[in-house]
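To keep things clear, I will list the structure first and then write my remarks on it.
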Amino acid sequence: MKRTPSIPLPPIENPEQQMRSELQRLAEQQNRLFAQLQAGEDHFKQLARSVWRVQEDERRRLARELHDGIGQHLTALRHRLQGMEQDQAECQDHRLQQSLSLCETAIEEVRALSRLLRPQILDDLGLEAALQWLARHSAEDSGCSIQVDVGRLDQELDGDLKTLLFRVVQEALANALKHAHADNVVVRISQRGSSLQLLIVDDGAGCDVEAALARSSQSESTGLASMRERVRLFGGQLALASQPGEGLQLRVRLPLVSETESR
Ligand SMILES: Nc1ncnc2c1ncn2[C@@H]1O[C@H](COP(=O)(O)OP(=O)(O)OP(=O)(O)O)[C@@H](O)[C@H]1O
Ligand SMILES: [Mg+2]
C-alpha cells in the first residue's frame with residue numbers, strides 16, 4: 001500500500017484557546033479604536049483652542065483700533081468743544097473747523113474698521129467683486145500691482161467658504177505687503193474637479209517657511225497659523241513654498257460643498 005506524504009497541519013486549538021485568542025483580538029481592536037477616538041478628541045480640542053485664540057486676537061486688534069484711533073479723536077473733539085464755551089467769537093470759528101475735521105477723521109476710521117470687520121461688498125456682490133475691491137484698496141495704499149483672477153466655477157460657493165477665501169486672501173496680501181514688500185501679487189481661484197484651488201504668488205522678499213510657521217504657531221504672530229487652521233476646519237490643506245529672496249507661493253486646496261450640503 002502506498003503511503004501519502006504527511007502535510008503539516010496547523011495546530012488545532014481547543015475551544016478554550018480559540019475563545020481566548022478571539023477575546024484578545026477584540027481587546028486589541030477596542031484599544032486601537034479607543035486610541036483613535038482619543039486622537040480625534042485631542043485634535044478637536046486643539047482646533048477649538050486655535051479658533052478661540054484667533055477670535056481673541058481679533059478682539060484685541062479691534063479694541064486697539066477703537067482705543068487708539070476713534071477713541072482719541074472723540075476725546076480731542078470733546079476737548080475742542082469744551083474750549084469753545086470760553087472762546088472769543090473769532091476763535092470759535094477756528095475751533096469749529098478743527099472739530100469738523102476731527103469728526104471727518106473719526107467717521108473715516110469707523111468706515112475703515114467696519115470694512116475690516118466684514119466688507120459689505122462680500123455679502124452684496126460676492127467673492128470676486130470683494131477680492132477686486134480688496135486688491136484695489138491694498139494696491140492704492142502700497143503701490144503694489146495686485147492681479148485677481150477668478151475662474152469659472154460650476155456652482156455658487158457656500159457663504160462660509162466665500163468668507164474663508166476672502167480672509168485667507170486678506171491675510172496673504174497683508175503679509176505680502178508688510179513683510180515681503182512685494183511689487184506684484186497674483187491671486188488665482190480655480191476649480192479642479194470637486195475641489196477649489198486658491199493660489200497666491202508674490203515676488204517679495206520670501207522667507208524660511210519652517211521658521212515662519214514655527215513663529216506663527218508659537219503665538220508670536222497668528223496670521224499663517226490661523227489661516228492654516230481655518231482651512232483645515234473646512235477639510236482643506238494649505239501649503240507654502242518660499243526661499244529667502246524668491247517670493248512666496250501660498251496654495252490652498254478645499255473640497256467644494258454646495259450650500260445645502262454644508263448645513
Ligand atoms: N508673503 C510673505 N513673504 C515673506 N515672509 C512672509 C510672508 N508671509 C509671512 N511671512 C513671514 O511669516 C511670519 C509669520 O506670518 P504671520 O502672518 O503668521 O504673522 P505676522 O504677519 O507677523 O503677524 P499677524 O499676521 O499675526 O499680524 C512673518 O513674520 C514673516 O516673517
Ligand atoms: Mg500676518
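Ligands are numbered from 1 in the order shown, chains are lettered A, B, ... in the order of the C-alpha cells, and residues start at 1 in each chain.
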
Name each residue within 10 Å of ligand 2, counting only C-alpha atoms and all ligand atoms, as JSON, numbers by chain.
-> {"A": [170, 171, 172, 173, 174, 175, 176, 177, 178, 179, 216, 221, 222, 223, 224, 225, 226, 227]}

Give the residue list for ligand 1 at 10 Å, counting only C-alpha atoms and all ligand atoms, as an MDAnalysis selection string, sorted by chain and then by residue number.
-> chainID A and resid 54 57:58 61 171:182 185 200:228 240:250

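With only C-alpha atoms taken into account, the protein and nucleic acid residues at most 12 Å from Gln72 of chain A (excluding it and anything under 6 positions from it in its own chain) are Arg64, Glu65, Leu66, Arg78, His79, Leu102, Cys103, Thr105, Ala106 and Glu109 of chain A.
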
Selection from above, C-alpha atoms, as a short mmCIF file (atom, residue, chain, number, x, y, z; two decimals), in the first residue's frame, can you write it?
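So the final result, stored in part.cif, reads:
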```cif
data_model
loop_
_atom_site.label_atom_id
_atom_site.label_comp_id
_atom_site.auth_asym_id
_atom_site.auth_seq_id
_atom_site.Cartn_x
_atom_site.Cartn_y
_atom_site.Cartn_z
CA ARG A 64 -6.67 98.60 19.98
CA GLU A 65 -8.09 100.22 16.84
CA LEU A 66 -11.07 101.58 18.79
CA ARG A 78 -14.72 116.85 23.37
CA HIS A 79 -11.75 118.95 24.44
CA LEU A 102 -11.82 115.56 13.76
CA CYS A 103 -15.36 114.33 13.07
CA THR A 105 -11.36 111.59 10.51
CA ALA A 106 -13.34 109.64 13.10
CA GLU A 109 -11.85 105.40 10.68
#
```

With segment 146-149 of chain A as the partner and 8 Å as the cut-off, tabulate the residues of segment 154-228 of chain A that qualify, each row holding the nearest pair of atoms and their distance in Å to one decimal, using only C-alpha atoms, sorted by chain and rising number, as a tab-separated table.
```
residue	atom	partner	partner_atom	distance
A:Asn184	CA	A:Ile146	CA	5.9
A:Val185	CA	A:Ile146	CA	4.8
A:Val186	CA	A:Gln147	CA	4.8
A:Val187	CA	A:Val148	CA	4.8
A:Arg188	CA	A:Asp149	CA	4.8
A:Ile189	CA	A:Asp149	CA	6.4
```

Determine which residues of segment 42-260 of chain A DSSP labels as strand (DSSP E or B) from the backbone of this structure, then write them out as a PyMOL selection string.
-> chain A and resi 145-150+184-192+195-202+237-242+248-255

Deliver the residues from the most recent selection as a file, using C-alpha atoms, as a compact mmCIF listing (two decimals), in the first residue's frame.
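Contents of result.txt, as written:
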```txt
# COMPACT_ATOMS: atom_id res chain seq x y z
CA SER A 145 0.29 95.65 -8.54
CA ILE A 146 -2.29 93.04 -7.50
CA GLN A 147 -4.00 90.87 -10.07
CA VAL A 148 -7.11 88.86 -9.15
CA ASP A 149 -8.31 86.11 -11.42
CA VAL A 150 -11.36 84.01 -10.51
CA ASN A 184 3.50 92.15 -7.80
CA VAL A 185 0.97 89.72 -6.37
CA VAL A 186 -1.26 87.33 -8.31
CA VAL A 187 -4.37 85.82 -6.72
CA ARG A 188 -5.96 82.98 -8.67
CA ILE A 189 -9.01 80.86 -7.82
CA SER A 190 -9.90 77.90 -9.98
CA GLN A 191 -11.88 74.70 -9.82
CA ARG A 192 -10.10 71.35 -10.11
CA SER A 195 -12.07 70.85 -5.25
CA LEU A 196 -11.23 74.50 -5.30
CA GLN A 197 -7.71 75.82 -5.61
CA LEU A 198 -6.50 79.18 -4.40
CA LEU A 199 -3.04 80.31 -5.39
CA ILE A 200 -1.39 83.48 -4.17
CA VAL A 201 2.06 84.28 -5.52
CA ASP A 202 4.17 87.28 -4.59
CA GLN A 237 -4.97 71.91 3.03
CA LEU A 238 -2.65 74.89 2.90
CA ALA A 239 0.88 74.70 1.55
CA LEU A 240 3.59 77.35 1.49
CA ALA A 241 6.67 77.44 -0.68
CA SER A 242 9.37 80.06 -0.45
CA LEU A 248 6.32 83.23 -1.64
CA GLN A 249 3.64 80.92 -3.01
CA LEU A 250 0.64 80.01 -0.97
CA ARG A 251 -1.58 77.20 -2.23
CA VAL A 252 -4.91 76.20 -0.70
CA ARG A 253 -7.00 73.24 -1.78
CA LEU A 254 -10.54 72.94 -0.46
CA PRO A 255 -13.27 70.40 -1.09
```

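Taking atom CA of Arg32 of chain A and atom CA of Gln17 of chain A as endpoints, the distance between them is 22.6 Å.
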
List every residue of segment 6-209 of chain A that DSSP, applied to the backbone of this structure, assigns to helix (DSSP H, G or I), and report them as a PDB file with C-alpha atoms, in the first residue's frame.
```
ATOM      1  CA  PRO A  15     -12.305  25.811  22.143  1.00  0.00           C
ATOM      2  CA  GLU A  16     -10.935  27.477  25.232  1.00  0.00           C
ATOM      3  CA  GLN A  17      -7.786  28.608  23.378  1.00  0.00           C
ATOM      4  CA  GLN A  18      -9.895  29.847  20.445  1.00  0.00           C
ATOM      5  CA  MET A  19     -12.081  31.863  22.780  1.00  0.00           C
ATOM      6  CA  ARG A  20      -9.033  33.352  24.489  1.00  0.00           C
ATOM      7  CA  SER A  21      -7.378  34.460  21.223  1.00  0.00           C
ATOM      8  CA  GLU A  22     -10.694  35.886  19.972  1.00  0.00           C
ATOM      9  CA  LEU A  23     -11.034  37.853  23.208  1.00  0.00           C
ATOM     10  CA  GLN A  24      -7.501  39.114  22.846  1.00  0.00           C
ATOM     11  CA  ARG A  25      -8.173  40.186  19.245  1.00  0.00           C
ATOM     12  CA  LEU A  26     -11.302  42.057  20.359  1.00  0.00           C
ATOM     13  CA  ALA A  27      -9.432  43.720  23.222  1.00  0.00           C
ATOM     14  CA  GLU A  28      -6.695  44.886  20.836  1.00  0.00           C
ATOM     15  CA  GLN A  29      -9.292  46.215  18.393  1.00  0.00           C
ATOM     16  CA  GLN A  30     -11.039  48.077  21.201  1.00  0.00           C
ATOM     17  CA  ASN A  31      -7.736  49.630  22.323  1.00  0.00           C
ATOM     18  CA  ARG A  32      -6.992  50.729  18.770  1.00  0.00           C
ATOM     19  CA  LEU A  33     -10.452  52.326  18.397  1.00  0.00           C
ATOM     20  CA  PHE A  34     -10.110  53.993  21.760  1.00  0.00           C
ATOM     21  CA  ALA A  35      -6.717  55.453  20.788  1.00  0.00           C
ATOM     22  CA  GLN A  36      -8.203  56.751  17.505  1.00  0.00           C
ATOM     23  CA  LEU A  37     -11.108  58.325  19.388  1.00  0.00           C
ATOM     24  CA  GLN A  38      -8.704  59.923  21.837  1.00  0.00           C
ATOM     25  CA  ALA A  39      -6.547  61.308  18.997  1.00  0.00           C
ATOM     26  CA  GLY A  40      -9.675  62.706  17.302  1.00  0.00           C
ATOM     27  CA  GLU A  41     -10.796  64.330  20.515  1.00  0.00           C
ATOM     28  CA  ASP A  42      -7.333  65.842  21.104  1.00  0.00           C
ATOM     29  CA  HIS A  43      -7.294  67.208  17.557  1.00  0.00           C
ATOM     30  CA  PHE A  44     -10.768  68.682  18.023  1.00  0.00           C
ATOM     31  CA  LYS A  45      -9.735  70.344  21.298  1.00  0.00           C
ATOM     32  CA  GLN A  46      -6.646  71.769  19.628  1.00  0.00           C
ATOM     33  CA  LEU A  47      -8.741  73.197  16.788  1.00  0.00           C
ATOM     34  CA  ALA A  48     -11.281  74.660  19.193  1.00  0.00           C
ATOM     35  CA  ARG A  49      -8.472  76.324  21.140  1.00  0.00           C
ATOM     36  CA  SER A  50      -6.989  77.725  17.933  1.00  0.00           C
ATOM     37  CA  VAL A  51     -10.342  79.150  16.864  1.00  0.00           C
ATOM     38  CA  TRP A  52     -10.710  80.716  20.283  1.00  0.00           C
ATOM     39  CA  ARG A  53      -7.195  82.171  20.067  1.00  0.00           C
ATOM     40  CA  VAL A  54      -7.917  83.665  16.658  1.00  0.00           C
ATOM     41  CA  GLN A  55     -11.133  85.244  17.964  1.00  0.00           C
ATOM     42  CA  GLU A  56      -9.297  86.709  20.942  1.00  0.00           C
ATOM     43  CA  ASP A  57      -6.583  88.126  18.678  1.00  0.00           C
ATOM     44  CA  GLU A  58      -9.203  89.743  16.505  1.00  0.00           C
ATOM     45  CA  ARG A  59     -10.904  91.244  19.545  1.00  0.00           C
ATOM     46  CA  ARG A  60      -7.561  92.539  20.778  1.00  0.00           C
ATOM     47  CA  ARG A  61      -6.862  94.143  17.397  1.00  0.00           C
ATOM     48  CA  LEU A  62     -10.333  95.676  17.349  1.00  0.00           C
ATOM     49  CA  ALA A  63     -10.002  97.003  20.897  1.00  0.00           C
ATOM     50  CA  ARG A  64      -6.666  98.602  19.981  1.00  0.00           C
ATOM     51  CA  GLU A  65      -8.095 100.221  16.841  1.00  0.00           C
ATOM     52  CA  LEU A  66     -11.069 101.576  18.792  1.00  0.00           C
ATOM     53  CA  HIS A  67      -8.955 102.887  21.636  1.00  0.00           C
ATOM     54  CA  ASP A  68      -6.032 104.356  19.706  1.00  0.00           C
ATOM     55  CA  GLY A  69      -7.976 105.635  16.716  1.00  0.00           C
ATOM     56  CA  ILE A  70     -11.593 106.600  17.165  1.00  0.00           C
ATOM     57  CA  GLY A  71     -11.360 106.960  20.964  1.00  0.00           C
ATOM     58  CA  GLN A  72      -8.523 109.501  20.642  1.00  0.00           C
ATOM     59  CA  HIS A  73     -10.393 111.544  18.032  1.00  0.00           C
ATOM     60  CA  LEU A  74     -13.529 111.704  20.164  1.00  0.00           C
ATOM     61  CA  THR A  75     -11.503 112.767  23.225  1.00  0.00           C
ATOM     62  CA  ALA A  76      -9.856 115.547  21.220  1.00  0.00           C
ATOM     63  CA  LEU A  77     -13.260 116.596  19.867  1.00  0.00           C
ATOM     64  CA  ARG A  78     -14.719 116.851  23.371  1.00  0.00           C
ATOM     65  CA  HIS A  79     -11.752 118.953  24.435  1.00  0.00           C
ATOM     66  CA  ARG A  80     -12.247 121.353  21.493  1.00  0.00           C
ATOM     67  CA  LEU A  81     -15.988 121.667  22.124  1.00  0.00           C
ATOM     68  CA  GLN A  82     -15.446 122.343  25.849  1.00  0.00           C
ATOM     69  CA  GLY A  83     -12.928 125.057  24.938  1.00  0.00           C
ATOM     70  CA  MET A  84     -15.454 126.798  22.682  1.00  0.00           C
ATOM     71  CA  ALA A  89     -16.096 134.845  18.854  1.00  0.00           C
ATOM     72  CA  GLU A  90     -13.105 134.980  16.403  1.00  0.00           C
ATOM     73  CA  CYS A  91     -11.519 131.855  17.928  1.00  0.00           C
ATOM     74  CA  GLN A  92     -14.770 129.925  17.784  1.00  0.00           C
ATOM     75  CA  ASP A  93     -14.704 129.625  14.011  1.00  0.00           C
ATOM     76  CA  HIS A  94     -11.210 128.107  14.107  1.00  0.00           C
ATOM     77  CA  ARG A  95     -12.209 125.619  16.813  1.00  0.00           C
ATOM     78  CA  LEU A  96     -15.326 124.707  14.844  1.00  0.00           C
ATOM     79  CA  GLN A  97     -13.222 123.900  11.771  1.00  0.00           C
ATOM     80  CA  GLN A  98     -10.870 121.739  13.861  1.00  0.00           C
ATOM     81  CA  SER A  99     -13.831 119.916  15.394  1.00  0.00           C
ATOM     82  CA  LEU A 100     -15.387 119.234  11.995  1.00  0.00           C
ATOM     83  CA  SER A 101     -12.102 117.881  10.712  1.00  0.00           C
ATOM     84  CA  LEU A 102     -11.815 115.563  13.757  1.00  0.00           C
ATOM     85  CA  CYS A 103     -15.355 114.332  13.071  1.00  0.00           C
ATOM     86  CA  GLU A 104     -14.427 113.580   9.444  1.00  0.00           C
ATOM     87  CA  THR A 105     -11.363 111.593  10.511  1.00  0.00           C
ATOM     88  CA  ALA A 106     -13.345 109.635  13.102  1.00  0.00           C
ATOM     89  CA  ILE A 107     -16.075 108.817  10.536  1.00  0.00           C
ATOM     90  CA  GLU A 108     -13.447 107.643   8.039  1.00  0.00           C
ATOM     91  CA  GLU A 109     -11.853 105.404  10.683  1.00  0.00           C
ATOM     92  CA  VAL A 110     -15.216 103.906  11.648  1.00  0.00           C
ATOM     93  CA  ARG A 111     -15.826 103.117   7.961  1.00  0.00           C
ATOM     94  CA  ALA A 112     -12.388 101.532   7.594  1.00  0.00           C
ATOM     95  CA  LEU A 113     -12.874  99.469  10.754  1.00  0.00           C
ATOM     96  CA  SER A 114     -16.285  98.281   9.646  1.00  0.00           C
ATOM     97  CA  ARG A 115     -14.843  97.266   6.246  1.00  0.00           C
ATOM     98  CA  LEU A 116     -12.077  95.379   8.040  1.00  0.00           C
ATOM     99  CA  LEU A 117     -14.585  93.519  10.203  1.00  0.00           C
ATOM    100  CA  GLN A 120     -20.403  94.689   2.908  1.00  0.00           C
ATOM    101  CA  ILE A 121     -19.427  94.036  -0.690  1.00  0.00           C
ATOM    102  CA  LEU A 122     -18.807  90.342   0.072  1.00  0.00           C
ATOM    103  CA  ASP A 123     -22.462  89.876   1.018  1.00  0.00           C
ATOM    104  CA  ASP A 124     -23.856  92.209  -1.629  1.00  0.00           C
ATOM    105  CA  LEU A 125     -21.795  91.458  -4.740  1.00  0.00           C
ATOM    106  CA  LEU A 127     -16.438  86.899  -3.725  1.00  0.00           C
ATOM    107  CA  GLU A 128     -14.916  88.109  -6.986  1.00  0.00           C
ATOM    108  CA  ALA A 129     -16.129  91.700  -6.528  1.00  0.00           C
ATOM    109  CA  ALA A 130     -14.946  91.663  -2.889  1.00  0.00           C
ATOM    110  CA  LEU A 131     -11.484  90.390  -3.897  1.00  0.00           C
ATOM    111  CA  GLN A 132     -11.180  93.006  -6.647  1.00  0.00           C
ATOM    112  CA  TRP A 133     -12.155  95.655  -4.119  1.00  0.00           C
ATOM    113  CA  LEU A 134      -9.599  94.335  -1.601  1.00  0.00           C
ATOM    114  CA  ALA A 135      -6.893  94.283  -4.272  1.00  0.00           C
ATOM    115  CA  ARG A 136      -7.697  97.868  -5.353  1.00  0.00           C
ATOM    116  CA  HIS A 137      -7.547  99.129  -1.776  1.00  0.00           C
ATOM    117  CA  SER A 138      -4.338  97.280  -0.909  1.00  0.00           C
ATOM    118  CA  ALA A 139      -2.717  98.428  -4.170  1.00  0.00           C
ATOM    119  CA  GLU A 140      -3.736 102.068  -3.587  1.00  0.00           C
ATOM    120  CA  ASP A 141      -2.121 102.088  -0.158  1.00  0.00           C
ATOM    121  CA  SER A 142       1.066 100.262  -1.151  1.00  0.00           C
ATOM    122  CA  GLY A 159     -21.256  81.504   2.165  1.00  0.00           C
ATOM    123  CA  ASP A 160     -18.740  80.284   4.759  1.00  0.00           C
ATOM    124  CA  LEU A 161     -16.372  79.138   2.034  1.00  0.00           C
ATOM    125  CA  LYS A 162     -16.513  82.593   0.438  1.00  0.00           C
ATOM    126  CA  THR A 163     -15.709  84.193   3.784  1.00  0.00           C
ATOM    127  CA  LEU A 164     -12.820  81.779   4.333  1.00  0.00           C
ATOM    128  CA  LEU A 165     -11.330  82.501   0.899  1.00  0.00           C
ATOM    129  CA  PHE A 166     -11.701  86.244   1.439  1.00  0.00           C
ATOM    130  CA  ARG A 167      -9.979  86.066   4.840  1.00  0.00           C
ATOM    131  CA  VAL A 168      -7.099  83.957   3.508  1.00  0.00           C
ATOM    132  CA  VAL A 169      -6.523  86.395   0.639  1.00  0.00           C
ATOM    133  CA  GLN A 170      -6.795  89.350   3.042  1.00  0.00           C
ATOM    134  CA  GLU A 171      -4.119  87.928   5.350  1.00  0.00           C
ATOM    135  CA  ALA A 172      -1.874  86.778   2.490  1.00  0.00           C
ATOM    136  CA  LEU A 173      -1.996  90.228   0.863  1.00  0.00           C
ATOM    137  CA  ALA A 174      -1.294  91.919   4.195  1.00  0.00           C
ATOM    138  CA  ASN A 175       1.739  89.641   4.636  1.00  0.00           C
ATOM    139  CA  ALA A 176       2.983  90.148   1.069  1.00  0.00           C
ATOM    140  CA  LEU A 177       2.907  93.923   1.582  1.00  0.00           C
ATOM    141  CA  LYS A 178       4.012  94.095   5.214  1.00  0.00           C
ATOM    142  CA  VAL A 209       8.803  78.673   5.603  1.00  0.00           C
TER     143      VAL A 209
END
```
